[in-house]
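Student: Input: one structure, supplied below.
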Amino acid sequence: MFRNLFWMFVLSCSSVADENSNRDADIFPSSPEIERGSSLELSCVLKKSYMPQRNASHIIWKLNDELIAPENYNIVNETVCNITIHNFTYSTAHVECFMKYLDKELPLVHTEVKSGFRPDMPENISCIYFYDVNLTCTWNGGRETSFTTNYTLSRKLMTSPDTVRSCWNTTESCSFLYPDNDYSNDFCFQVEAKNVLGASSTECVPISLQKIEKFAPPEILSVKRIPGIKQLLTVTWKMPEKIIPLKHIICQVQYRNLYSNFTEFVNVSLISKKNIGSYNLTGLWDSTDYSVAIRCVNNESAFWSGWSGEKTESTEEKASGKVDLWRVIESSHSSTNRSVHLMWKTLKSFPPSGRVLGYKIQCFPERKAAHKRTHNSSEQKITLFLNEEAHIISVTAYNSAGESPEAILRIPSTDEKSSQMIEKVVTSATNEEVVVQWITSEPETTKYVVEWYEELEMDPFGRSWQYVSNSTKWKNNKKNFKPFVCYNILVYPLYGSNVGAPSYTQIYAQEKKPSEGPVADTGVLGKNEVTIKWNEISKAKRNGFITNYTIFYKPEDGKELHETVNSDVLQYRLKSLQANTQYTVQIMASNKAGGTTGEPKTFKTLKFDKEDIFFIAIPVEISILCLIGLWITCVLKKHVFKKVCWPDIPNPEESLAVEWPLASSVNNSFLKRMSSQTKTVDFEDIHVLEYCFPEESQEGSLLINYENRVSECTDINTKGTTNRDEKILHNEENKAAKSFPPSMPYIITDQFTRSQMHSALIPVKEVQPLEVVANDICGSQQNPIKNEENDDEEVLKLEDFSEKTLFNPYLKNSVKTREFLVSESLPEHSMDECKSQSSVWSPIQPNVPGQSYITVDMFRLAKGQ
């Protein structure tokens, strides 16, 4: 541990030795201080350690890191190199010498050079003598020397020049303190200035101490008024104790009118042995505050004392002047209780009135002076609650000297209407003033009241007013109005104590663009137009009168368009827009100072407008109404449509014209089933009825042969289609009925019945031959429904009514009302198949169990019992 400390000490010592050894040269002088503008001479001396490798010829010089020209060098010998710098003007400079060796510059030694000036002779010696306190002298030392200058002040007694007292300082002031400042009239003063470059001194200047005496400020004891004497104040003060005795003193009293800030001075002479001074200030204003201060001086001295502290007092008061009275009548729903806000202010007069102690307010109905009420107030406002009658109100101010004259106003009754005397009010603002002018219809009116207040001011006592006489123009300083705030201005004409109807206007003393823009909203959207709406900007953010609104609208990826409207327009319809397009709209509100745009609003126009929807909806509605009407008609006329499309088939069995055999009634179940079914018939239930005619009967054989033919045709059709519409079956049966020859009648044996039928017999259609009938039955799917009128025109001719054979009346009815109803949806191959099968008739095998048969329900073959 000790060994480590030892080596650390050796290393530190070696480092110090190395540091000293690194300094291989010296510079002389080491810290030169020269006079500015003179020549600087320096020497760089090498040490022997540089010999013989290096010598003075290798030395170079630099001034503030800039190389000095070699012509300024002077090599004295191998170790000394001098340099001379002419006209040295730097206040402070850094000079360094280097050793140049192997293209390297090794620093050797450096120094800092300062330059300055010799001290000038001090001038303007001035001394102030504070009796038995100190004697202080000051002087002007001249220009700055850049070196520390020491000053010596010497005070010599004129009668004994060897008696000298001195003081020293580095500043341009020096003082002799008590007791070294004894009083004498024959002193002279001398100042010497000295620095490193030299010294200079003044001559001894004689100064009389009584001419340089300055004493402390006097002290004001009192400033007071004398009761009963107006416009007068008495001032009393005390002189300081340390004053040269038996000297004449002059004191100056300063009194300042605080109301008008007017200052006056008065001089008062005293003898120094008197310590108390007094003076009466006269010709002052009544009821006015004055501020008083005093200073004094030795009449031979050039120095006044300082001002004493100020004291304030008011002169004797007089009664206050008449106040300016005004009112604000608040509208009320109840006429029996009106709020009348009274406000007043004292006038500035010259001289001013006395200090107000309070105010007296008197109020009474105009027609009931005995009902007078009195209120007192220390403030300049009050609120009265009056009924609907007219009232007289007066306000007086009072102080210690008495009351002021009354200020009177008349409050009109609620049913009075004041005439409009002021026709127009115009406002304007200049750089410094707000100007209001008005035009009146009554030139004899010479007194007005101008009232102004902020538009958003709700307090009636926050209003300002001013009386104007013999003028229709009013000016006020612009500083009394807030910038960017709207003011309401009202001008009232006065005639006596009555107040006329006011004229109203507004003004901005200074405007700037609105603080915010309107927010756009879309109203009714259309295909090519839209209604844009917006609200007014709040009054606090308009900052001026809105002159217009500009609507900026832009389609998506389109050019921006704009429309400008007046300030009273708060909605606008944009037209000629593109259908089904998104738009962005913004509203800008502008005043005289500029405009501000509100937030953007997007909307999209409609693809169809009301007219398009109307033209689309009308046909649809008409179609719906037609369908509804058709449905209602079908419902109401159901039986008519049913009778036309599905008529009732007469049942011959129920006829009174013939009597049917009981055996045949058994087989009538098929007819009953056919009448009860509505859609399809199961052809498996159809059977061929056995004829009930005698074999020898020619008519019966003919009928049987015909039935066989019909059965063959119908059987071919029913084999291919097992389930068909009932209408097709009826049509086939109707065709079969038509195919009877004209000589094929019903056979009726009952003579009575024949006689009845003979009278009721009517012509019927001519029946086609059997082959044609077969073709008609198969091709009935392609034939339209036959017209009834054509059926009536085609009749059959009867050959012999004397025979026993008669037409069945049901045959005619059946043929007339039953027609083939062909379904348009039937496939074409069915029709072709029918045509192909019309010429092929399979034989009918009677009395075969399970064999289908076809009955023509249009008629029956009757046989006599």
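Ordering of the structure tokens sets the chain letters (A, B, ...); residue numbers start at 1 within each chain; ligands are numbered from 1 in the order shown.
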For region 495-507 of chain A, work out the shell of residues within 8 Å, counting only C-alpha atoms and skipping chain neighbours fewer than 3 positions away, then give it as a compact mmCIF listing (two decimals) with N, CA and C atoms, in the first residue's frame.
Tutor:
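Result file is out.txt:
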# COMPACT_ATOMS: atom_id res chain seq x y z
N ILE A 408 -85.55 65.55 -12.75
CA ILE A 408 -86.93 65.07 -12.82
C ILE A 408 -87.14 64.32 -14.14
N LEU A 409 -87.84 63.17 -14.03
CA LEU A 409 -88.28 62.41 -15.20
C LEU A 409 -89.73 61.99 -15.01
N ARG A 410 -90.46 61.92 -16.11
CA ARG A 410 -91.85 61.47 -16.08
C ARG A 410 -91.93 60.06 -16.65
N ILE A 411 -92.55 59.16 -15.90
CA ILE A 411 -92.78 57.79 -16.36
C ILE A 411 -94.19 57.74 -16.91
N PRO A 412 -94.37 57.47 -18.20
CA PRO A 412 -95.71 57.51 -18.78
C PRO A 412 -96.57 56.35 -18.28
N SER A 418 -96.19 57.13 -27.37
CA SER A 418 -95.35 58.27 -27.74
C SER A 418 -95.21 58.34 -29.25
N SER A 419 -95.18 59.54 -29.76
CA SER A 419 -95.01 59.74 -31.20
C SER A 419 -93.55 59.55 -31.59
N GLN A 420 -93.37 59.09 -32.83
CA GLN A 420 -92.03 58.85 -33.35
C GLN A 420 -91.50 60.14 -33.97
N MET A 421 -90.61 60.83 -33.24
CA MET A 421 -90.06 62.10 -33.71
C MET A 421 -88.76 61.90 -34.50
N ILE A 422 -88.02 60.85 -34.21
CA ILE A 422 -86.75 60.62 -34.89
C ILE A 422 -87.00 59.66 -36.05
N GLU A 423 -86.70 60.11 -37.25
CA GLU A 423 -87.00 59.35 -38.44
C GLU A 423 -85.93 58.33 -38.78
N LYS A 424 -84.68 58.66 -38.59
CA LYS A 424 -83.60 57.79 -39.03
C LYS A 424 -82.37 58.01 -38.17
N VAL A 425 -81.66 56.91 -37.88
CA VAL A 425 -80.41 56.96 -37.11
C VAL A 425 -79.33 56.27 -37.94
N VAL A 426 -78.20 56.93 -38.11
CA VAL A 426 -77.08 56.42 -38.89
C VAL A 426 -75.84 56.38 -38.00
N THR A 427 -75.13 55.26 -38.05
CA THR A 427 -73.91 55.10 -37.25
C THR A 427 -72.71 54.88 -38.17
N SER A 428 -71.56 55.24 -37.68
CA SER A 428 -70.31 55.01 -38.40
C SER A 428 -69.18 54.97 -37.39
N THR A 445 -87.21 70.32 -31.12
CA THR A 445 -86.64 69.46 -30.09
C THR A 445 -85.12 69.66 -30.06
N LYS A 447 -83.09 68.55 -27.20
CA LYS A 447 -82.41 67.74 -26.21
C LYS A 447 -82.72 66.27 -26.46
N CYS A 486 -71.36 43.57 -30.75
CA CYS A 486 -72.46 44.37 -31.30
C CYS A 486 -73.09 45.19 -30.18
N TYR A 487 -73.28 46.47 -30.46
CA TYR A 487 -73.91 47.38 -29.50
C TYR A 487 -75.25 47.86 -30.04
N ASN A 488 -76.23 47.91 -29.15
CA ASN A 488 -77.51 48.53 -29.46
C ASN A 488 -77.43 50.01 -29.11
N ILE A 489 -77.87 50.85 -30.02
CA ILE A 489 -77.86 52.29 -29.80
C ILE A 489 -79.27 52.82 -29.98
N LEU A 490 -79.78 53.53 -28.99
CA LEU A 490 -81.11 54.12 -29.03
C LEU A 490 -80.99 55.62 -28.80
N VAL A 491 -81.76 56.37 -29.55
CA VAL A 491 -81.78 57.83 -29.41
C VAL A 491 -83.20 58.22 -29.01
N TYR A 492 -83.33 58.89 -27.83
CA TYR A 492 -84.62 59.32 -27.29
C TYR A 492 -84.72 60.84 -27.42
Student: Please return, as a PyMOL selection string, all residues of region 454-487 of chain A that DSSP assigns to strand (DSSP E or B) on the basis of the backbone.
Tutor: chain A and resi 454+464-469+473-477+486-487
Student: Restricted to all heavy atoms, what would the selected residues look like written as a compact mmCIF listing (two decimals), in the first residue's frame?
Tutor:
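Output file again.txt is given in full below:
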# COMPACT_ATOMS: atom_id res chain seq x y z
N GLU A 454 -74.26 46.63 -24.80
CA GLU A 454 -73.97 45.42 -25.56
C GLU A 454 -75.26 44.67 -25.87
O GLU A 454 -76.17 44.62 -25.03
CB GLU A 454 -73.00 44.52 -24.80
CG GLU A 454 -71.63 45.13 -24.57
CD GLU A 454 -70.72 44.19 -23.80
OE1 GLU A 454 -70.97 42.97 -23.84
OE2 GLU A 454 -69.76 44.67 -23.17
N SER A 464 -75.28 52.37 -20.73
CA SER A 464 -74.66 53.69 -20.63
C SER A 464 -75.52 54.68 -21.40
O SER A 464 -76.20 54.32 -22.37
CB SER A 464 -73.24 53.68 -21.22
OG SER A 464 -72.43 52.73 -20.56
N TRP A 465 -75.48 55.94 -20.96
CA TRP A 465 -76.28 56.96 -21.62
C TRP A 465 -75.59 58.31 -21.49
O TRP A 465 -74.71 58.50 -20.65
CB TRP A 465 -77.69 57.02 -21.02
CG TRP A 465 -77.75 57.76 -19.71
CD1 TRP A 465 -78.10 59.05 -19.52
CD2 TRP A 465 -77.42 57.24 -18.41
NE1 TRP A 465 -78.02 59.38 -18.19
CE2 TRP A 465 -77.60 58.29 -17.48
CE3 TRP A 465 -76.98 56.00 -17.95
CZ2 TRP A 465 -77.38 58.13 -16.14
CZ3 TRP A 465 -76.76 55.84 -16.60
CH2 TRP A 465 -76.96 56.89 -15.71
N GLN A 466 -76.01 59.23 -22.33
CA GLN A 466 -75.45 60.57 -22.30
C GLN A 466 -76.46 61.54 -22.89
O GLN A 466 -77.10 61.25 -23.90
CB GLN A 466 -74.14 60.62 -23.09
CG GLN A 466 -73.42 61.97 -22.97
CD GLN A 466 -72.06 61.93 -23.63
OE1 GLN A 466 -71.45 60.87 -23.79
NE2 GLN A 466 -71.54 63.08 -24.02
N TYR A 467 -76.57 62.71 -22.24
CA TYR A 467 -77.47 63.76 -22.73
C TYR A 467 -76.76 64.56 -23.82
O TYR A 467 -75.57 64.85 -23.72
CB TYR A 467 -77.88 64.68 -21.58
CG TYR A 467 -78.98 64.11 -20.70
CD1 TYR A 467 -78.69 63.19 -19.69
CD2 TYR A 467 -80.30 64.49 -20.88
CE1 TYR A 467 -79.68 62.67 -18.89
CE2 TYR A 467 -81.32 63.97 -20.09
CZ TYR A 467 -81.00 63.06 -19.09
OH TYR A 467 -81.98 62.54 -18.31
N VAL A 468 -77.52 64.88 -24.87
CA VAL A 468 -77.01 65.68 -25.98
C VAL A 468 -77.94 66.87 -26.16
O VAL A 468 -79.17 66.70 -26.26
CB VAL A 468 -76.94 64.86 -27.29
CG1 VAL A 468 -76.43 65.72 -28.43
CG2 VAL A 468 -76.05 63.63 -27.10
N SER A 469 -77.35 68.07 -26.20
CA SER A 469 -78.15 69.29 -26.33
C SER A 469 -77.74 70.04 -27.59
O SER A 469 -76.55 70.11 -27.92
CB SER A 469 -77.96 70.20 -25.10
OG SER A 469 -78.40 69.54 -23.93
N LYS A 473 -75.95 65.09 -33.50
CA LYS A 473 -74.77 64.28 -33.76
C LYS A 473 -74.08 64.01 -32.43
O LYS A 473 -73.95 64.91 -31.60
CB LYS A 473 -73.82 65.00 -34.72
CG LYS A 473 -72.62 64.19 -35.15
CD LYS A 473 -71.80 64.97 -36.18
CE LYS A 473 -70.61 64.17 -36.67
NZ LYS A 473 -69.82 64.93 -37.68
N TRP A 474 -73.65 62.78 -32.25
CA TRP A 474 -73.00 62.38 -31.00
C TRP A 474 -71.75 61.57 -31.33
O TRP A 474 -71.75 60.71 -32.21
CB TRP A 474 -73.96 61.54 -30.17
CG TRP A 474 -73.36 60.95 -28.92
CD1 TRP A 474 -73.12 61.58 -27.74
CD2 TRP A 474 -72.95 59.59 -28.73
NE1 TRP A 474 -72.59 60.72 -26.83
CE2 TRP A 474 -72.47 59.47 -27.41
CE3 TRP A 474 -72.94 58.46 -29.54
CZ2 TRP A 474 -72.00 58.28 -26.89
CZ3 TRP A 474 -72.46 57.27 -29.03
CH2 TRP A 474 -72.00 57.19 -27.72
N LYS A 475 -70.67 61.88 -30.61
CA LYS A 475 -69.41 61.18 -30.78
C LYS A 475 -68.95 60.62 -29.45
O LYS A 475 -69.22 61.21 -28.40
CB LYS A 475 -68.33 62.12 -31.33
CG LYS A 475 -68.61 62.67 -32.71
CD LYS A 475 -67.48 63.58 -33.16
CE LYS A 475 -67.75 64.17 -34.54
NZ LYS A 475 -66.64 65.06 -34.98
N ASN A 476 -68.23 59.49 -29.54
CA ASN A 476 -67.66 58.90 -28.34
C ASN A 476 -66.36 58.21 -28.72
O ASN A 476 -66.19 57.74 -29.86
CB ASN A 476 -68.62 57.88 -27.71
CG ASN A 476 -68.32 57.66 -26.24
OD1 ASN A 476 -67.20 57.87 -25.78
ND2 ASN A 476 -69.32 57.21 -25.49
N ASN A 477 -65.46 58.16 -27.76
CA ASN A 477 -64.17 57.53 -28.02
C ASN A 477 -64.35 56.05 -28.30
O ASN A 477 -65.10 55.35 -27.63
CB ASN A 477 -63.24 57.73 -26.82
CG ASN A 477 -61.79 57.46 -27.16
OD1 ASN A 477 -61.48 56.52 -27.89
ND2 ASN A 477 -60.90 58.27 -26.63
N CYS A 486 -71.36 43.57 -30.75
CA CYS A 486 -72.46 44.37 -31.30
C CYS A 486 -73.09 45.19 -30.18
O CYS A 486 -73.40 44.67 -29.10
CB CYS A 486 -73.50 43.45 -31.93
SG CYS A 486 -74.87 44.34 -32.71
N TYR A 487 -73.28 46.47 -30.46
CA TYR A 487 -73.91 47.38 -29.50
C TYR A 487 -75.25 47.86 -30.04
O TYR A 487 -75.37 48.17 -31.24
CB TYR A 487 -73.01 48.58 -29.24
CG TYR A 487 -71.87 48.31 -28.28
CD1 TYR A 487 -70.68 47.75 -28.73
CD2 TYR A 487 -71.98 48.60 -26.92
CE1 TYR A 487 -69.63 47.49 -27.87
CE2 TYR A 487 -70.93 48.34 -26.06
CZ TYR A 487 -69.77 47.79 -26.53
OH TYR A 487 -68.74 47.53 -25.67
Student: When you look at Val76 (chain A) with a cut-off of 12 Å (counting only C-alpha atoms), what residues show up, excluding the ones that are within fewer than 5 positions of it in the same chain? I need them as a list in words.
Tutor: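 Everything that qualifies: Ser43, Cys44, Val45, Leu46, Asn55, Ala56, Ser57, Ile59, Cys81, Asn82 and Ile83 of chain A.
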Student: Near Ala69 (chain A), counting only C-alpha atoms, which residues have an atom at most 10 Å away, once you skip same-chain residues fewer than 3 positions from it, shown as a list in words?
Tutor: Ile60, Trp61, Lys62, Glu66, Asn72, Tyr73, Ile83 and Ile85 of chain A
Student: Can I get the selected residues back with C-alpha atoms, as a short mmCIF file (atom, residue, chain, number, x, y, z; two decimals), in the first residue's frame?
Tutor:
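This went into result.cif:
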data_model
loop_
_atom_site.label_atom_id
_atom_site.label_comp_id
_atom_site.auth_asym_id
_atom_site.auth_seq_id
_atom_site.Cartn_x
_atom_site.Cartn_y
_atom_site.Cartn_z
CA ILE A 60 7.61 31.74 -36.01
CA TRP A 61 5.05 34.15 -34.44
CA LYS A 62 1.24 34.21 -34.54
CA GLU A 66 -2.75 34.27 -37.63
CA ASN A 72 8.71 41.70 -38.62
CA TYR A 73 11.14 39.12 -37.11
CA ILE A 83 9.17 40.69 -33.13
CA ILE A 85 4.12 44.94 -34.35
#
